[in-house]
Structures are given as C-alpha cells and as structure tokens.
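J.: Just passing along the structure, written as structure tokens.
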Amino acid sequence: MDKVVASAAQAVADVRDGASFAVGGFGLSGVPNTLIQAVYETGVGGLGVVSNNCGAMDSGLAVLLSAGRIARVTGSYIGANKEFARQYLAGELEVELIPQGTLAERLRAGGCGIPAFFTPAGVGTQVADGGLPWRYDSAGGVAVASPRKETREFDGVEYVLERGITTDFALVRAARGDRHGNLVFNKSSRNFNPSAAMAGRITIAEVEELVEPGEIDPDQVHLPGIFVQRVVALTPPQAVDKKIEKRTTRKVSA
C-alpha cells in the first residue's frame with residue numbers, strides 16, 4: 001500500500017478540535033516540525049499532547065503552545081520553556097508529569113495493545129500516592145490533582161500500576177522512509193519517535209528521504225510500516241532545517 005500523501009496539510013486535514021497527539025522528539029532532536037506547523041495552520045485547538053517535552057524557543061510544539069491551542073500535556077520535562085511554565089502555573093494548561101522511562105513504556109504498551117503494566121518507578125512518591133498538581137486555579141491553588149494509583153508487591157518489591165497510552169494521532173520524523181511506511185531514524189532522533197508512532201491510531205511520518213519499497217534493508221528498519229498510516233516526503237529545505245537549542249563554541253587559536 002502506497003501511504004505517501006501529497007503534503008503535510010493533506011496529511012492532517014482530518015484533525016479536529018480536542019484531538020489527542022503522541023509526538024516524537026526530544027528537545028529539538030527528531031521533532032516533526034513540518035507536521036506540527038501543518039496542524040497549527042488548520043486552526044484546531046483544545047488539543048491533548050503526549051510528548052517528552054513541549055517544544056523549545058519557537059520550535060516544535062511551542063508553536064501550538066504559544067497560540068493557546070494545547071489544553072493538556074502528558075510529558076516528562078518542562079525545561080526552559082517559560083511559556084509552558086507560565087500557562088501551567090496560571091491554570092491555563094493541564095499537565096501530567098510522568099517519569100521519562102514510564103512515559104516511553106506507556107506509549108509502547110498502548111501501541112502493543114497492553115492496557116497496563118507494573119513498574120517500580122514512582123513508588124513511595126506522589127506519582128503513586130497521588131496529589132501531584134495537574135491543573136492550578138487562577139489563585140494558585142490546586143484545581144485538579146493526580147489520583148492515587150494501584151500498587152502491588154511482587155517478590156518482596158512494591159510496584160505501581162501504569163496505564164498504556166493511545167492517542168488519536170501520532171506525529172513523527174524519520175531520516176528515511178519508504179512508501180509502505182517503514183522508517184529509519186538517525187541516531188538520537190530515534191528517541192521517542194518509535195514509541196510515539198506505535199501509540200497513534202493514525203500515525204503520520206515526515207521523512208527526510210523517501211525511497212521505494214525494498215530500498216531499506218529489513219534489518220535496518222527501526223519502525224515497521226504496520227504502525228504508519230501516512231507518509232509525507234519533506235522538501236530539501238524542510239529536511240535540512242534542524243535547529244540547535246544551545247550552541248556552544250570555542251575561540252579559534254591563532
């Protein structure tokens with residue numbers, strides 16, 4: 001099946017208000033910026049986002065966040081995103097913070113049809129006991145707090161039950177992809193992209209290089225095409241547009 005669509009705009013044309021998204025990337029690495037921009041241009045809002053972080057500077061999910069299009073974020077890291085922090089503390093944004101490894105496994109589990117699993121991460125903390133502020137009110141009080149989760153002991157060790165995550169859509173970026181949706185990620189851009197792709201009911205991949213079926217060695221495939229429904233081939237300028245969050249240089253000696 002040829003899953004290539006003509007443009008990013010066409011790929012996200014059926015997105016509606018209130019849709020949920022799993023989005024790949026870590027910091028600015030492997031972020032599907034072209035697809036995120038296409039979602040922004042649809043004008044939809046009230047979105048639920050599951051991603052490690054919510055963009056940085058004016059890149060990635062920060063485009064949707066700054067426009068007030070995101071209602072809820074499930075992630076691991078706020079970082080230096082001041083607008084994210086401002087919206088959260090002002091009660092404009094609901095945020096569920098999750099241990100990073102747990103987030104990755106919840107996405108993978110959802111994609112594999114596993115409804116829940118037990119993990120030791122978070123036992124003895126508010127992750128398991130509940131009470132983490134999900135949403136503040138305008139006065140700085142806690143309007144919505146995380147619930148207590150089920151715990152169970154196995155072989156003398158306590159574990160907490162975590163639910164698998166599935167979303168309406170997933171947006172990912174790959175270095176190479178074929179028309180069947182088989183994807184290869186480049187180095188650190190592999191990060192959350194495979195697990196995010198697995199969690200989406202409709203997964204859309206933007207690829208820097210589109211190749212024909214059979215051109216990718218099956219042993220080199222990082223994500224099988226069974227998890228991908230739509231493929232968007234990036235233009236050369238889009239493929240090389242990769243921002244650097246913090247640039248460190250040194251003076252060249254004479």
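Naming works like this for the structure tokens: A, B, ... for the chains as they're shown, residue 1 at the start of each chain, ligands 1 onward in shown order.
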Would you list the contacts of Asn191 (chain A) as a PyMOL selection string, taking every protein, DNA or RNA residue within 9 Å and counting only C-alpha atoms, but skipping same-chain residues closer than 6 positions in sequence?
T.: chain A and resi 24-26+29-30+185
J.: Please report, as number ranges by chain, each residue of region 9-210 of chain A to which DSSP assigns alpha helix (DSSP H) when run on this structure's backbone.
T.: A: 9-11, 33-42, 62-66, 82-89, 100-112, 126-129, 193-199
J.: Residues within 10 Å of Asp129 (chain A), please, as an MDAnalysis selection string. Count only C-alpha atoms; anything in the same chain fewer than 6 positions from it doesn't count.
T.: chainID A and resid 122:123 146:151 160
J.: Can I get the selection written as a short mmCIF file (atom, residue, chain, number, x, y, z; two decimals), in the first residue's frame, with N, CA, C and O atoms?
T.:
data_model
loop_
_atom_site.label_atom_id
_atom_site.label_comp_id
_atom_site.auth_asym_id
_atom_site.auth_seq_id
_atom_site.Cartn_x
_atom_site.Cartn_y
_atom_site.Cartn_z
N GLY A 122 8.46 5.48 40.74
CA GLY A 122 7.43 6.32 41.32
C GLY A 122 6.84 5.81 42.61
O GLY A 122 6.09 6.52 43.29
N VAL A 123 7.17 4.57 42.99
CA VAL A 123 6.66 4.03 44.25
C VAL A 123 7.20 4.85 45.42
O VAL A 123 8.37 5.23 45.45
N SER A 146 -3.51 14.66 40.73
CA SER A 146 -3.40 13.29 40.24
C SER A 146 -4.01 12.32 41.25
O SER A 146 -3.92 12.53 42.46
N PRO A 147 -4.64 11.25 40.77
CA PRO A 147 -5.25 10.28 41.68
C PRO A 147 -4.22 9.29 42.22
O PRO A 147 -3.13 9.13 41.66
N ARG A 148 -4.57 8.62 43.30
CA ARG A 148 -3.74 7.53 43.81
C ARG A 148 -3.82 6.36 42.83
O ARG A 148 -4.88 6.08 42.26
N LYS A 149 -2.69 5.69 42.63
CA LYS A 149 -2.64 4.55 41.72
C LYS A 149 -2.53 3.24 42.50
O LYS A 149 -2.02 3.22 43.63
N GLU A 150 -2.97 2.20 41.88
CA GLU A 150 -2.88 0.87 42.50
C GLU A 150 -1.43 0.44 42.62
O GLU A 150 -0.63 0.64 41.70
N THR A 151 -1.06 -0.13 43.75
CA THR A 151 0.28 -0.71 43.94
C THR A 151 0.12 -2.18 44.33
O THR A 151 -0.90 -2.59 44.89
N VAL A 160 3.97 0.02 41.05
CA VAL A 160 2.79 0.84 40.80
C VAL A 160 2.22 0.52 39.42
O VAL A 160 2.97 0.28 38.46
#
J.: When you count only C-alpha atoms, which of these residues is closest to Gly141 (chain A): A:Ile165, A:Asp58, A:Gly101, A:Tyr88?
T.: A:Tyr88
J.: Mind checking which residues fall within 12 Å of Gly18 (chain A), counting only C-alpha atoms, ignoring those fewer than 5 positions away in the same chain, and posting them as a ChimeraX atom specification?
T.: /A:43-49,69-72,167-169
J.: Name all residues at most 7 Å from Arg106 (chain A) (count only C-alpha atoms; drop same-chain ones fewer than 3 positions away) and give them as number ranges by chain.
T.: A: 102-103, 109-110, 163-165
J.: Could you pull out the strand (DSSP E or B) residues of region 45-157 of chain A, going by DSSP on the backbone, and write them as a VMD selection string?
T.: chain A and resid 47 to 50 56 59 70 to 75 94 to 97 116 to 119 133 to 136 142 to 145 151 to 154 157
J.: Go ahead and compute the interatomic distance for CA of Asp137 (chain A) and CA of Gln87 (chain A), in Å to one decimal.
T.: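 So the two atoms, CA of Asp137 (chain A) and CA of Gln87 (chain A), lie 11.0 Å apart.
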J.: For Gly75 (chain A), find every residue with an atom within 6 Å (counting only C-alpha atoms), except residues of its own chain fewer than 4 positions away, and show them as a VMD selection string.
T.: chain A and resid 50 to 53 97 to 98
J.: For region 214-227 of chain A, find every residue with an atom within 9 Å (counting only C-alpha atoms), except residues of its own chain fewer than 3 positions away, and show them as a PyMOL selection string.
T.: chain A and resi 111+176-185+190+194+197-203+211
J.: I need the chosen residues saved as a PDB file, in the first residue's frame, with C-alpha atoms.
T.:
ATOM      1  CA  GLY A 111       0.834   0.585  20.826  1.00  0.00           C
ATOM      2  CA  ARG A 176      14.394   7.629   5.735  1.00  0.00           C
ATOM      3  CA  GLY A 177      11.077   6.067   4.927  1.00  0.00           C
ATOM      4  CA  ASP A 178       9.576   4.068   2.093  1.00  0.00           C
ATOM      5  CA  ARG A 179       6.131   4.226   0.552  1.00  0.00           C
ATOM      6  CA  HIS A 180       4.937   1.401   2.800  1.00  0.00           C
ATOM      7  CA  GLY A 181       5.752   3.413   5.932  1.00  0.00           C
ATOM      8  CA  ASN A 182       8.859   1.544   7.071  1.00  0.00           C
ATOM      9  CA  LEU A 183      11.038   4.066   8.912  1.00  0.00           C
ATOM     10  CA  VAL A 184      14.683   4.567   9.858  1.00  0.00           C
ATOM     11  CA  PHE A 185      15.661   7.204  12.437  1.00  0.00           C
ATOM     12  CA  ARG A 190      15.256   7.818  17.346  1.00  0.00           C
ATOM     13  CA  PRO A 194       9.148   4.827  17.570  1.00  0.00           C
ATOM     14  CA  ALA A 197       4.342   6.207  16.430  1.00  0.00           C
ATOM     15  CA  MET A 198       3.105   2.970  17.979  1.00  0.00           C
ATOM     16  CA  ALA A 199       0.606   4.771  20.217  1.00  0.00           C
ATOM     17  CA  GLY A 200      -1.251   6.690  17.496  1.00  0.00           C
ATOM     18  CA  ARG A 201      -4.379   5.298  15.868  1.00  0.00           C
ATOM     19  CA  ILE A 202      -3.401   7.343  12.800  1.00  0.00           C
ATOM     20  CA  THR A 203       0.356   7.814  12.601  1.00  0.00           C
ATOM     21  CA  VAL A 211      12.704   5.732  -1.000  1.00  0.00           C
TER      22      VAL A 211
END
J.: Work out how far apart CA of Ala11 (chain A) and CA of Cys112 (chain A) are and give it in Å to one decimal.
T.: 23.9 Å
J.: Just the number, please: distance in Å from CA of Ala145 (chain A) to CA of Leu132 (chain A), one decimal.
T.: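 Computing the Euclidean distance for CA of Ala145 (chain A) and CA of Leu132 (chain A) yields 5.3 Å.
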J.: Could you check which of A:Asp241, A:Leu65, A:Glu105, A:Ala22 is closest to Leu93 (chain A), using only C-alpha atoms?
T.: A:Leu65
J.: Considering only C-alpha atoms, can you say which of A:Glu158, A:Glu206, A:Glu96, A:Glu41 comes closest to Arg135 (chain A)?
T.: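 Of A:Glu158, A:Glu206, A:Glu96, A:Glu41, the one nearest Arg135 (chain A) is A:Glu96, counting only C-alpha atoms.
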J.: For each of A:Ala143, A:Asn193, A:Leu210, A:Thr249, take the minimum atom-to-atom distance to Pro32 (chain A), counting only C-alpha atoms, then give the residue where this is smallest.
T.: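 Result for the nearest residue to Pro32 (chain A): A:Asn193.
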